[in-house]
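Trainee: Contents of upload_13.csv (CSV, C-alpha atoms) are below:
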```
chain,number,residue,atom,x,y,z
A,51,MET,CA,29.3,-8.7,46.9
A,52,ASN,CA,31.1,-8.9,50.2
A,53,GLU,CA,33.2,-5.8,49.6
A,54,ASN,CA,30.3,-3.9,48.1
A,55,LEU,CA,28.2,-4.4,51.2
A,56,PHE,CA,30.4,-2.4,53.5
A,57,THR,CA,31.7,0.2,51.1
A,58,SER,CA,28.8,2.5,52.0
A,59,PHE,CA,30.0,2.7,55.5
A,60,ILE,CA,33.5,4.0,54.9
A,61,THR,CA,34.4,7.6,55.5
A,62,PRO,CA,33.6,9.5,52.3
A,63,THR,CA,36.4,11.2,50.6
A,64,MET,CA,36.2,12.7,47.1
A,65,VAL,CA,39.4,13.1,45.2
A,66,GLY,CA,41.2,13.2,48.5
A,67,ILE,CA,39.0,15.9,50.1
A,68,PRO,CA,37.2,14.6,53.2
A,69,VAL,CA,33.6,15.5,52.4
A,70,VAL,CA,32.4,13.8,55.6
A,71,LEU,CA,32.4,17.2,57.3
A,72,LEU,CA,30.1,18.6,54.6
A,73,ILE,CA,27.8,15.6,55.0
A,74,ILE,CA,27.6,16.0,58.7
A,75,MET,CA,26.9,19.7,58.4
A,76,PHE,CA,24.3,19.3,55.6
A,77,PRO,CA,21.2,18.8,57.9
A,78,SER,CA,21.7,22.2,59.4
A,79,ILE,CA,20.7,23.8,56.0
A,80,LEU,CA,17.3,22.1,56.2
A,81,PHE,CA,16.4,23.9,59.4
A,82,PRO,CA,16.2,27.6,58.6
A,83,SER,CA,16.1,29.9,61.6
A,84,PRO,CA,12.8,31.7,62.2
A,85,SER,CA,13.1,35.5,61.7
A,86,ARG,CA,9.5,36.7,61.9
A,87,LEU,CA,6.5,36.1,64.1
A,88,ILE,CA,4.9,33.9,61.4
A,89,ASP,CA,7.3,32.4,58.9
A,90,ASN,CA,7.1,30.4,55.8
A,91,ARG,CA,5.5,26.9,55.9
A,92,LEU,CA,8.8,25.0,56.4
A,93,VAL,CA,9.8,26.9,59.4
A,94,SER,CA,6.2,26.9,60.8
A,95,ILE,CA,6.1,23.1,60.6
A,96,GLN,CA,9.5,22.7,62.2
A,97,GLN,CA,8.5,25.1,65.0
A,98,TRP,CA,5.3,23.2,65.7
A,99,LEU,CA,7.3,19.9,65.9
A,100,VAL,CA,9.9,21.3,68.2
A,101,ARG,CA,7.3,22.7,70.5
A,102,LEU,CA,5.4,19.4,70.6
A,103,THR,CA,8.5,17.4,71.3
A,104,SER,CA,10.0,19.8,73.9
A,105,LYS,CA,6.8,20.1,75.9
A,106,GLN,CA,6.5,16.3,76.1
A,107,MET,CA,10.2,15.7,76.9
A,108,LEU,CA,10.9,18.4,79.4
A,109,SER,CA,7.7,18.1,81.4
A,110,ILE,CA,9.3,15.6,83.9
A,111,HIS,CA,12.3,17.7,84.7
A,112,SER,CA,12.8,20.2,87.5
A,113,HIS,CA,13.9,23.8,86.8
A,114,LYS,CA,17.6,22.8,86.8
A,115,GLY,CA,17.0,20.0,84.4
A,116,GLN,CA,15.1,22.3,82.0
A,117,THR,CA,18.2,24.3,81.4
A,118,TRP,CA,19.2,21.4,79.2
A,119,ALA,CA,16.3,22.0,76.9
A,120,LEU,CA,18.4,23.4,74.0
A,121,MET,CA,20.9,20.6,74.2
A,122,LEU,CA,18.2,17.9,74.2
A,123,MET,CA,16.1,19.4,71.4
A,124,SER,CA,19.1,20.0,69.1
A,125,LEU,CA,20.2,16.4,69.9
A,126,ILE,CA,16.9,14.9,68.8
A,127,LEU,CA,16.8,17.1,65.7
A,128,PHE,CA,20.3,16.2,64.7
A,129,ILE,CA,20.0,12.5,65.1
A,130,GLY,CA,16.5,12.4,63.6
A,131,SER,CA,17.5,14.4,60.5
A,132,THR,CA,20.8,12.5,60.0
A,133,ASN,CA,19.1,9.1,60.2
A,134,LEU,CA,16.3,10.2,57.8
A,135,LEU,CA,18.7,11.6,55.3
A,136,GLY,CA,20.6,8.3,55.4
A,137,LEU,CA,17.6,6.6,53.9
A,138,LEU,CA,18.0,8.5,50.6
A,139,PRO,CA,19.8,6.4,47.9
A,140,HIS,CA,23.6,6.3,48.0
A,141,SER,CA,23.9,8.6,51.0
A,142,PHE,CA,26.3,8.3,53.9
A,143,THR,CA,24.9,8.2,57.4
A,144,PRO,CA,27.3,9.7,60.0
A,145,THR,CA,25.4,7.9,62.8
A,146,THR,CA,26.6,4.5,61.6
A,147,GLN,CA,30.1,5.4,62.7
A,148,LEU,CA,30.7,4.3,66.3
A,149,SER,CA,33.2,7.1,66.7
A,150,MET,CA,30.6,9.8,66.2
A,151,ASN,CA,28.0,8.2,68.5
A,152,LEU,CA,30.6,7.7,71.3
A,153,GLY,CA,31.5,11.3,70.8
A,154,MET,CA,27.9,12.3,71.4
A,155,ALA,CA,27.1,9.8,74.2
A,156,ILE,CA,30.1,10.1,76.5
A,157,PRO,CA,30.1,13.9,77.0
A,158,LEU,CA,26.4,14.0,77.5
A,159,TRP,CA,26.4,11.1,80.0
A,160,ALA,CA,29.5,12.5,81.8
A,161,GLY,CA,27.7,15.9,82.0
A,162,THR,CA,24.7,14.4,83.7
A,163,VAL,CA,26.9,12.4,86.2
A,164,ALA,CA,29.1,15.4,86.9
A,165,THR,CA,26.0,17.6,87.5
A,166,GLY,CA,24.6,15.0,89.9
A,167,PHE,CA,27.9,14.7,91.8
A,168,ARG,CA,28.3,18.4,92.1
A,169,TYR,CA,24.9,19.5,93.3
A,170,LYS,CA,23.5,16.5,95.0
A,171,THR,CA,26.6,14.5,96.1
A,172,LYS,CA,24.9,12.3,98.7
A,173,ALA,CA,21.9,11.4,96.5
A,174,SER,CA,24.2,10.6,93.6
A,175,LEU,CA,26.3,8.3,95.7
A,176,ALA,CA,23.2,6.8,97.1
A,177,HIS,CA,22.2,5.6,93.6
A,178,PHE,CA,24.9,3.0,93.9
A,179,LEU,CA,22.9,1.0,96.5
A,180,PRO,CA,19.2,0.2,96.0
A,181,GLN,CA,17.0,0.5,99.0
A,182,GLY,CA,16.3,-2.6,101.1
A,183,THR,CA,19.2,-4.8,100.1
A,184,PRO,CA,20.3,-7.4,102.6
A,185,PHE,CA,23.5,-6.5,104.4
A,186,PRO,CA,25.8,-9.3,103.1
A,187,LEU,CA,25.0,-8.4,99.5
A,188,ILE,CA,26.1,-4.8,99.7
A,189,PRO,CA,29.7,-5.0,98.3
A,190,MET,CA,28.6,-7.1,95.3
A,191,LEU,CA,25.7,-4.8,94.6
A,192,VAL,CA,27.8,-1.7,94.7
A,193,ILE,CA,30.2,-3.2,92.2
A,194,ILE,CA,27.2,-4.2,89.9
A,195,GLU,CA,25.7,-0.7,90.1
A,196,THR,CA,29.1,0.9,89.3
A,197,ILE,CA,29.4,-1.3,86.2
A,198,SER,CA,25.9,-0.5,85.2
A,199,LEU,CA,26.6,3.2,85.5
A,200,PHE,CA,29.8,3.0,83.4
A,201,ILE,CA,28.1,1.0,80.7
A,202,GLN,CA,25.4,3.6,80.1
A,203,PRO,CA,27.4,5.7,77.5
A,204,VAL,CA,28.7,2.7,75.7
A,205,ALA,CA,25.2,1.3,75.5
A,206,LEU,CA,23.8,4.6,74.2
A,207,ALA,CA,26.4,4.7,71.4
A,208,VAL,CA,26.3,1.1,70.5
A,209,ARG,CA,22.5,1.0,70.4
A,210,LEU,CA,22.3,3.8,67.9
A,211,THR,CA,25.2,2.5,65.7
A,212,ALA,CA,23.9,-1.1,65.7
A,213,ASN,CA,20.3,-0.2,64.9
A,214,ILE,CA,21.1,2.1,62.0
A,215,THR,CA,23.8,0.0,60.6
A,216,ALA,CA,21.7,-3.2,60.7
A,217,GLY,CA,18.8,-1.5,59.0
A,218,HIS,CA,21.0,-0.2,56.2
A,219,LEU,CA,22.7,-3.6,55.7
A,220,LEU,CA,19.3,-5.3,55.5
A,221,ILE,CA,18.1,-2.9,52.9
A,222,HIS,CA,21.2,-3.5,50.8
A,223,LEU,CA,20.9,-7.3,51.1
A,224,ILE,CA,17.2,-7.5,50.4
A,225,GLY,CA,17.5,-5.0,47.5
A,226,GLY,CA,20.3,-7.0,46.0
A,227,ALA,CA,18.3,-10.2,46.4
A,228,THR,CA,15.3,-8.7,44.7
A,229,LEU,CA,17.4,-7.6,41.7
A,230,THR,CA,19.0,-11.1,41.4
A,231,LEU,CA,15.7,-12.9,41.8
A,232,MET,CA,14.0,-10.9,39.0
A,233,SER,CA,15.8,-12.9,36.3
A,234,ILE,CA,15.2,-16.3,38.1
A,235,SER,CA,11.6,-16.2,39.3
A,236,THR,CA,9.4,-13.1,39.2
A,237,ILE,CA,6.9,-14.1,41.9
A,238,THR,CA,9.7,-14.6,44.5
A,239,ALA,CA,11.1,-11.3,43.4
A,240,PHE,CA,7.7,-9.7,44.0
A,241,ILE,CA,7.5,-11.1,47.5
A,242,THR,CA,11.0,-9.9,48.2
A,243,PHE,CA,10.1,-6.5,46.9
A,244,THR,CA,7.1,-6.4,49.3
A,245,VAL,CA,9.5,-7.3,52.1
A,246,LEU,CA,11.7,-4.4,51.0
A,247,VAL,CA,8.9,-1.9,51.1
A,248,LEU,CA,7.9,-3.0,54.6
A,249,LEU,CA,11.5,-2.8,55.7
A,250,THR,CA,11.8,0.7,54.3
A,251,ILE,CA,8.7,1.8,56.3
A,252,LEU,CA,10.3,0.2,59.4
A,253,GLU,CA,13.5,2.0,58.7
A,254,PHE,CA,11.8,5.4,58.6
A,255,ALA,CA,10.2,4.6,62.0
A,256,VAL,CA,13.5,3.3,63.4
A,257,ALA,CA,15.3,6.5,62.3
A,258,LEU,CA,12.9,8.6,64.3
A,259,ILE,CA,12.6,6.2,67.2
A,260,GLN,CA,16.3,5.9,67.7
A,261,ALA,CA,16.7,9.6,67.9
A,262,TYR,CA,13.9,9.7,70.5
A,263,VAL,CA,15.3,6.9,72.5
A,264,PHE,CA,18.8,8.4,72.6
A,265,THR,CA,17.4,11.7,73.8
A,266,LEU,CA,15.0,10.2,76.2
A,267,LEU,CA,17.7,8.2,77.9
A,268,VAL,CA,20.0,11.2,78.2
A,269,SER,CA,17.1,13.1,79.8
A,270,LEU,CA,16.4,10.2,82.1
A,271,TYR,CA,20.0,10.2,83.3
A,272,LEU,CA,19.7,14.0,83.8
A,273,HIS,CA,16.5,13.5,85.8
A,274,ASP,CA,18.3,11.1,88.1
A,275,ASN,CA,21.0,13.6,88.7
A,276,THR,CA,19.2,16.9,89.1
B,75,MET,CA,30.5,55.2,45.2
B,76,LYS,CA,29.3,52.6,42.7
B,77,THR,CA,26.0,54.4,42.2
B,78,LYS,CA,27.8,57.7,41.6
B,79,LEU,CA,29.8,56.1,38.9
B,80,ALA,CA,26.7,54.5,37.3
B,81,CYS,CA,24.9,57.9,37.5
B,82,LYS,CA,27.8,59.6,35.8
B,83,ASN,CA,27.8,57.0,33.0
B,84,VAL,CA,24.1,57.3,32.5
B,85,TYR,CA,24.5,61.1,32.2
B,86,LEU,CA,27.3,60.6,29.7
B,87,LEU,CA,25.3,58.1,27.7
B,88,ASN,CA,22.3,60.4,27.3
B,89,PHE,CA,24.5,62.8,25.6
B,90,SER,CA,26.5,60.3,23.5
B,91,ARG,CA,26.0,60.1,19.8
B,92,ASN,CA,25.3,56.4,19.4
B,93,SER,CA,21.8,55.4,20.5
B,94,THR,CA,22.5,51.6,20.4
B,95,ASP,CA,25.1,51.9,23.3
B,96,ARG,CA,24.0,50.4,26.6
B,97,VAL,CA,24.7,51.7,30.0
B,98,THR,CA,26.8,48.7,30.8
B,99,ASP,CA,29.3,49.6,28.0
B,100,LYS,CA,30.7,52.5,30.1
B,101,VAL,CA,30.8,50.7,33.5
B,102,PRO,CA,34.2,49.2,34.4
B,103,VAL,CA,34.5,45.4,34.0
B,104,LYS,CA,35.0,44.8,37.7
B,105,GLU,CA,31.6,46.0,38.7
B,106,LYS,CA,29.5,44.4,36.0
B,107,LYS,CA,27.1,41.5,36.7
B,108,LEU,CA,27.8,38.2,34.9
B,109,MET,CA,25.0,38.6,32.3
B,110,ASP,CA,26.4,42.0,31.2
B,111,VAL,CA,30.0,40.9,30.7
B,112,LYS,CA,30.9,40.4,27.1
B,113,LEU,CA,32.4,37.1,26.1
B,114,GLY,CA,35.9,38.6,25.4
B,115,GLU,CA,36.0,40.2,28.9
B,116,LEU,CA,35.0,36.9,30.6
B,117,PRO,CA,38.5,35.7,31.7
B,118,SER,CA,39.5,39.1,33.1
B,119,TRP,CA,36.1,39.3,34.9
B,120,ILE,CA,36.7,35.9,36.5
B,121,LEU,CA,40.2,36.8,37.6
B,122,MET,CA,39.0,40.1,39.2
B,123,ARG,CA,36.5,38.3,41.5
B,124,ASP,CA,37.0,38.2,45.2
B,125,PHE,CA,38.7,34.9,46.1
B,126,THR,CA,39.5,35.6,49.7
B,127,PRO,CA,37.8,33.4,52.3
B,128,LYS,CA,35.4,36.3,53.1
B,129,GLY,CA,34.6,36.7,49.4
B,130,ILE,CA,33.9,33.0,49.0
B,131,ALA,CA,31.8,32.9,52.2
B,132,GLY,CA,29.9,35.9,50.8
B,133,ALA,CA,29.3,34.1,47.5
B,134,PHE,CA,27.9,31.0,49.3
B,135,GLN,CA,25.7,33.2,51.5
B,136,ARG,CA,24.3,35.1,48.5
B,137,GLY,CA,23.6,31.9,46.7
B,138,TYR,CA,21.9,30.4,49.7
B,139,TYR,CA,19.6,33.4,50.3
B,140,ARG,CA,18.8,33.6,46.6
B,141,TYR,CA,17.5,30.0,46.6
B,142,TYR,CA,15.9,30.3,50.0
B,143,ASN,CA,14.0,33.5,49.1
B,144,LYS,CA,12.8,32.2,45.8
B,145,TYR,CA,11.6,28.7,46.7
B,146,VAL,CA,11.2,28.4,50.5
B,147,ASN,CA,10.6,31.8,52.1
B,148,VAL,CA,7.3,32.4,50.2
B,149,LYS,CA,3.8,32.6,51.4
B,150,ARG,CA,2.6,29.3,49.8
B,151,GLY,CA,5.7,27.3,49.5
B,152,GLY,CA,5.4,23.7,48.6
B,153,VAL,CA,7.4,20.5,48.8
B,154,ALA,CA,9.4,21.6,45.7
B,155,GLY,CA,11.7,23.9,47.7
B,156,ILE,CA,13.1,21.2,49.9
B,157,SER,CA,12.9,18.3,47.5
B,158,MET,CA,15.1,20.1,45.0
B,159,VAL,CA,17.8,20.3,47.7
B,160,LEU,CA,17.4,16.6,48.5
B,161,ALA,CA,17.6,15.6,44.8
B,162,ALA,CA,20.8,17.6,44.5
B,163,TYR,CA,22.1,15.8,47.6
B,164,VAL,CA,21.3,12.4,46.1
B,165,LEU,CA,23.1,13.4,42.9
B,166,PHE,CA,26.1,14.6,44.9
B,167,ASN,CA,26.3,11.3,46.7
B,168,TYR,CA,25.9,9.3,43.5
B,169,CYS,CA,28.9,11.2,42.0
B,170,ARG,CA,30.8,10.5,45.2
B,171,CYS,CA,30.4,6.7,45.0
B,172,TYR,CA,30.4,6.3,41.2
B,173,LYS,CA,33.7,4.5,41.3
B,174,GLU,CA,32.3,1.6,43.3
B,175,LEU,CA,28.9,1.7,41.6
B,176,LYS,CA,30.2,1.2,38.1
B,177,HIS,CA,31.1,-2.4,39.0
B,178,GLU,CA,27.4,-3.1,39.7
B,179,ARG,CA,26.1,-2.6,36.2
B,180,LEU,CA,24.1,-5.4,34.5
B,181,ARG,CA,26.8,-6.8,32.2
B,182,LYS,CA,27.5,-10.4,31.2
B,183,TYR,CA,31.3,-9.9,31.8
B,184,HIS,CA,32.6,-7.4,34.2
```
Give the structure from this file in structure tokens form.
Mentor:
Amino acid sequence: MNENLFTSFITPTMVGIPVVLLIIMFPSILFPSPSRLIDNRLVSIQQWLVRLTSKQMLSIHSHKGQTWALMLMSLILFIGSTNLLGLLPHSFTPTTQLSMNLGMAIPLWAGTVATGFRYKTKASLAHFLPQGTPFPLIPMLVIIETISLFIQPVALAVRLTANITAGHLLIHLIGGATLTLMSISTITAFITFTVLVLLTILEFAVALIQAYVFTLLVSLYLHDNT
Amino acid sequence: MKTKLACKNVYLLNFSRNSTDRVTDKVPVKEKKLMDVKLGELPSWILMRDFTPKGIAGAFQRGYYRYYNKYVNVKRGGVAGISMVLAAYVLFNYCRCYKELKHERLRKYH
């Protein structure tokens, strides 16, 4: 049981071939590129969703921040689709791997910070000291603000990893408990099954929300720095 | 070039003596489609296919567009187009983790 719980999180290889690359690239097949003015139903639904999300997410940015539109929209599509595909039975979710989330978070955060330092150097440095702090507290507060700046990418990555991994583990555990309880007491198994159904609904929501939160925070860091 | 050859063979066939001959009897093995290849010619047909990276990429592209244009890129497509893909994905992942899953079967003694 202990070993089985974590085997769904190891990097998938099949007869020695690392299929993890195929699994990471699989969601791109589900988003066909539009070729006409009015396409088939799948593409139309996806276009409507992308327009809805991009209008809501990019409305707060200035002109410079809106050049990041493609990056932010592809980020939310990738994380959302990868998380949702991970809810299918037996599938592998790449966003449970901390390595991949760090690989997404650190370059994006570093890009926003570098943009801020390059174009608005004084304002970016001024972020290290909140307005109206008493004079003696200044050194300590600068240190605290620096730490809180450097912890942003780590927090982004760990938040996504922990949420998705915890959800998958809970589903495995409660599903296993339901199966074992079926032979012992059917009523308890039924209650556990209801919990499982509610948990699955929660996981669907979490999959989408985490994608949204990740992208929103990146866009927030961008807004600070443009 | 291919259509010229096919035209020539159609011309020849119209003047051949045997009326049960098909056009695909005179076309060289390399250019036949899979359904027209006779069973005896199958190994040589397989060996003559294009196994370069470009050929393999072309095969994947042709397969993708064949599925896409039949089930997704239609005027009134439904949920079947994408759910068949997801079902195949689930099956692929099941085959991938079968080694660990076979220990979880309901047996008295494992």
Trainee: At what distance in Å, to one decimal, does atom CA of B:Tyr142 lie from atom CA of A:Leu71?
Mentor: 22.3 Å
Trainee: Can you work out which one of A:Leu229, A:Leu55, A:Met107, A:Leu102 has the shortest atom-to-atom distance to B:Leu180, counting only C-alpha atoms?
Mentor: A:Leu229
Trainee: Return the single residue from A:Gly161, A:Thr230, A:His218, A:Gln116 that is closest to chain B, with distances computed using only C-alpha atoms.
Mentor: A:Thr230
Trainee: Write out, as a Markdown table, each residue of chain B that has an atom at most 8 Å from chain A, together with the closest pair of atoms and their distance in Å to one decimal, counting all atoms listed in the file, rows going by chain and rising number.
Mentor:
```
| residue | atom | partner | partner_atom | distance |
| --- | --- | --- | --- | --- |
| B:Val146 | CA | A:Asn90 | CA | 7.0 |
| B:Asn147 | CA | A:Asn90 | CA | 5.3 |
| B:Val148 | CA | A:Asn90 | CA | 5.9 |
| B:Lys149 | CA | A:Asn90 | CA | 5.9 |
| B:Arg150 | CA | A:Arg91 | CA | 7.2 |
| B:Gly151 | CA | A:Arg91 | CA | 6.4 |
| B:Gly152 | CA | A:Arg91 | CA | 8.0 |
| B:Ile156 | CA | A:Leu80 | CA | 7.6 |
| B:Val164 | CA | A:Pro139 | CA | 6.4 |
| B:Asn167 | CA | A:Ser141 | CA | 5.6 |
| B:Tyr168 | CA | A:His140 | CA | 5.9 |
| B:Arg170 | CA | A:Met64 | CA | 6.1 |
| B:Cys171 | CA | A:His140 | CA | 7.4 |
| B:Glu174 | CA | A:Asn54 | CA | 7.6 |
```
Trainee: To one decimal place, how far is atom CA of A:Arg101 from atom CA of A:Ile251 in Å?
Mentor: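 Atom CA of A:Ile251 lies at a distance of 25.3 Å from atom CA of A:Arg101.
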Trainee: For B:Arg123, work out the shell of residues within 8 Å, counting all atoms listed in the file and skipping chain neighbours fewer than 3 positions away, then give it as a list in words.
Mentor: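 Here the qualifying residues turn out to be Lys104, Trp119 and Ile120 of chain B.
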Trainee: Write to file, as a PDB file, keeping the file's coordinate frame, the residues of the selection just made, with C-alpha atoms.
Mentor:
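Below you can see again_32.pdb, which holds the result:
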```pdb
ATOM      1  CA  LYS B 104      35.000  44.800  37.700  1.00  0.00           C
ATOM      2  CA  TRP B 119      36.100  39.300  34.900  1.00  0.00           C
ATOM      3  CA  ILE B 120      36.700  35.900  36.500  1.00  0.00           C
TER       4      ILE B 120
END
```
Trainee: For a quick check of understanding, using all atoms listed in the file, which of A:Leu125, A:Leu199, A:Leu191, A:Met150 has the smallest distance to A:Leu266?
Mentor: A:Leu125
Trainee: Taking (34.1, 47.0, 27.4) in the file's own coordinates, collect the residues within 10 Å, counting all atoms listed in the file, and hand them back as a VMD selection string.
Mentor: chain B and resid 98 to 103 110 to 112 114 to 115
Trainee: Export C-alpha atoms of the chosen residues as a compact mmCIF listing (two decimals), keeping the file's coordinate frame?
Mentor:
```txt
# COMPACT_ATOMS: atom_id res chain seq x y z
CA THR B 98 26.80 48.70 30.80
CA ASP B 99 29.30 49.60 28.00
CA LYS B 100 30.70 52.50 30.10
CA VAL B 101 30.80 50.70 33.50
CA PRO B 102 34.20 49.20 34.40
CA VAL B 103 34.50 45.40 34.00
CA ASP B 110 26.40 42.00 31.20
CA VAL B 111 30.00 40.90 30.70
CA LYS B 112 30.90 40.40 27.10
CA GLY B 114 35.90 38.60 25.40
CA GLU B 115 36.00 40.20 28.90
```
Trainee: Could you add whatever atoms are missing so that stretch 143-155 of chain A carries N, CA and C atoms, then write the result as a CSV table (one decimal), keeping the file's coordinate frame?
Mentor:
```csv
chain,number,residue,atom,x,y,z
A,143,THR,N,25.5,7.9,56.1
A,143,THR,CA,24.9,8.2,57.4
A,143,THR,C,26.0,8.3,58.5
A,144,PRO,N,26.2,9.5,59.0
A,144,PRO,CA,27.3,9.7,60.0
A,144,PRO,C,27.0,8.9,61.3
A,145,THR,N,25.7,8.6,61.6
A,145,THR,CA,25.4,7.9,62.8
A,145,THR,C,25.7,6.4,62.7
A,146,THR,N,26.1,5.9,61.6
A,146,THR,CA,26.6,4.5,61.6
A,146,THR,C,28.0,4.4,62.1
A,147,GLN,N,28.7,5.5,62.3
A,147,GLN,CA,30.1,5.4,62.7
A,147,GLN,C,30.1,5.4,64.3
A,148,LEU,N,30.7,4.4,64.9
A,148,LEU,CA,30.7,4.3,66.3
A,148,LEU,C,31.4,5.5,66.9
A,149,SER,N,32.4,6.0,66.2
A,149,SER,CA,33.2,7.1,66.7
A,149,SER,C,32.3,8.3,67.0
A,150,MET,N,31.4,8.6,66.1
A,150,MET,CA,30.6,9.8,66.2
A,150,MET,C,29.6,9.6,67.4
A,151,ASN,N,29.0,8.4,67.5
A,151,ASN,CA,28.0,8.2,68.5
A,151,ASN,C,28.6,8.2,69.9
A,152,LEU,N,29.9,7.6,70.0
A,152,LEU,CA,30.6,7.7,71.3
A,152,LEU,C,30.9,9.1,71.6
A,153,GLY,N,31.2,9.9,70.6
A,153,GLY,CA,31.5,11.3,70.8
A,153,GLY,C,30.3,12.1,71.3
A,154,MET,N,29.1,11.6,70.9
A,154,MET,CA,27.9,12.3,71.4
A,154,MET,C,27.5,11.8,72.8
A,155,ALA,N,27.7,10.4,73.0
A,155,ALA,CA,27.1,9.8,74.2
A,155,ALA,C,28.0,10.1,75.4
```
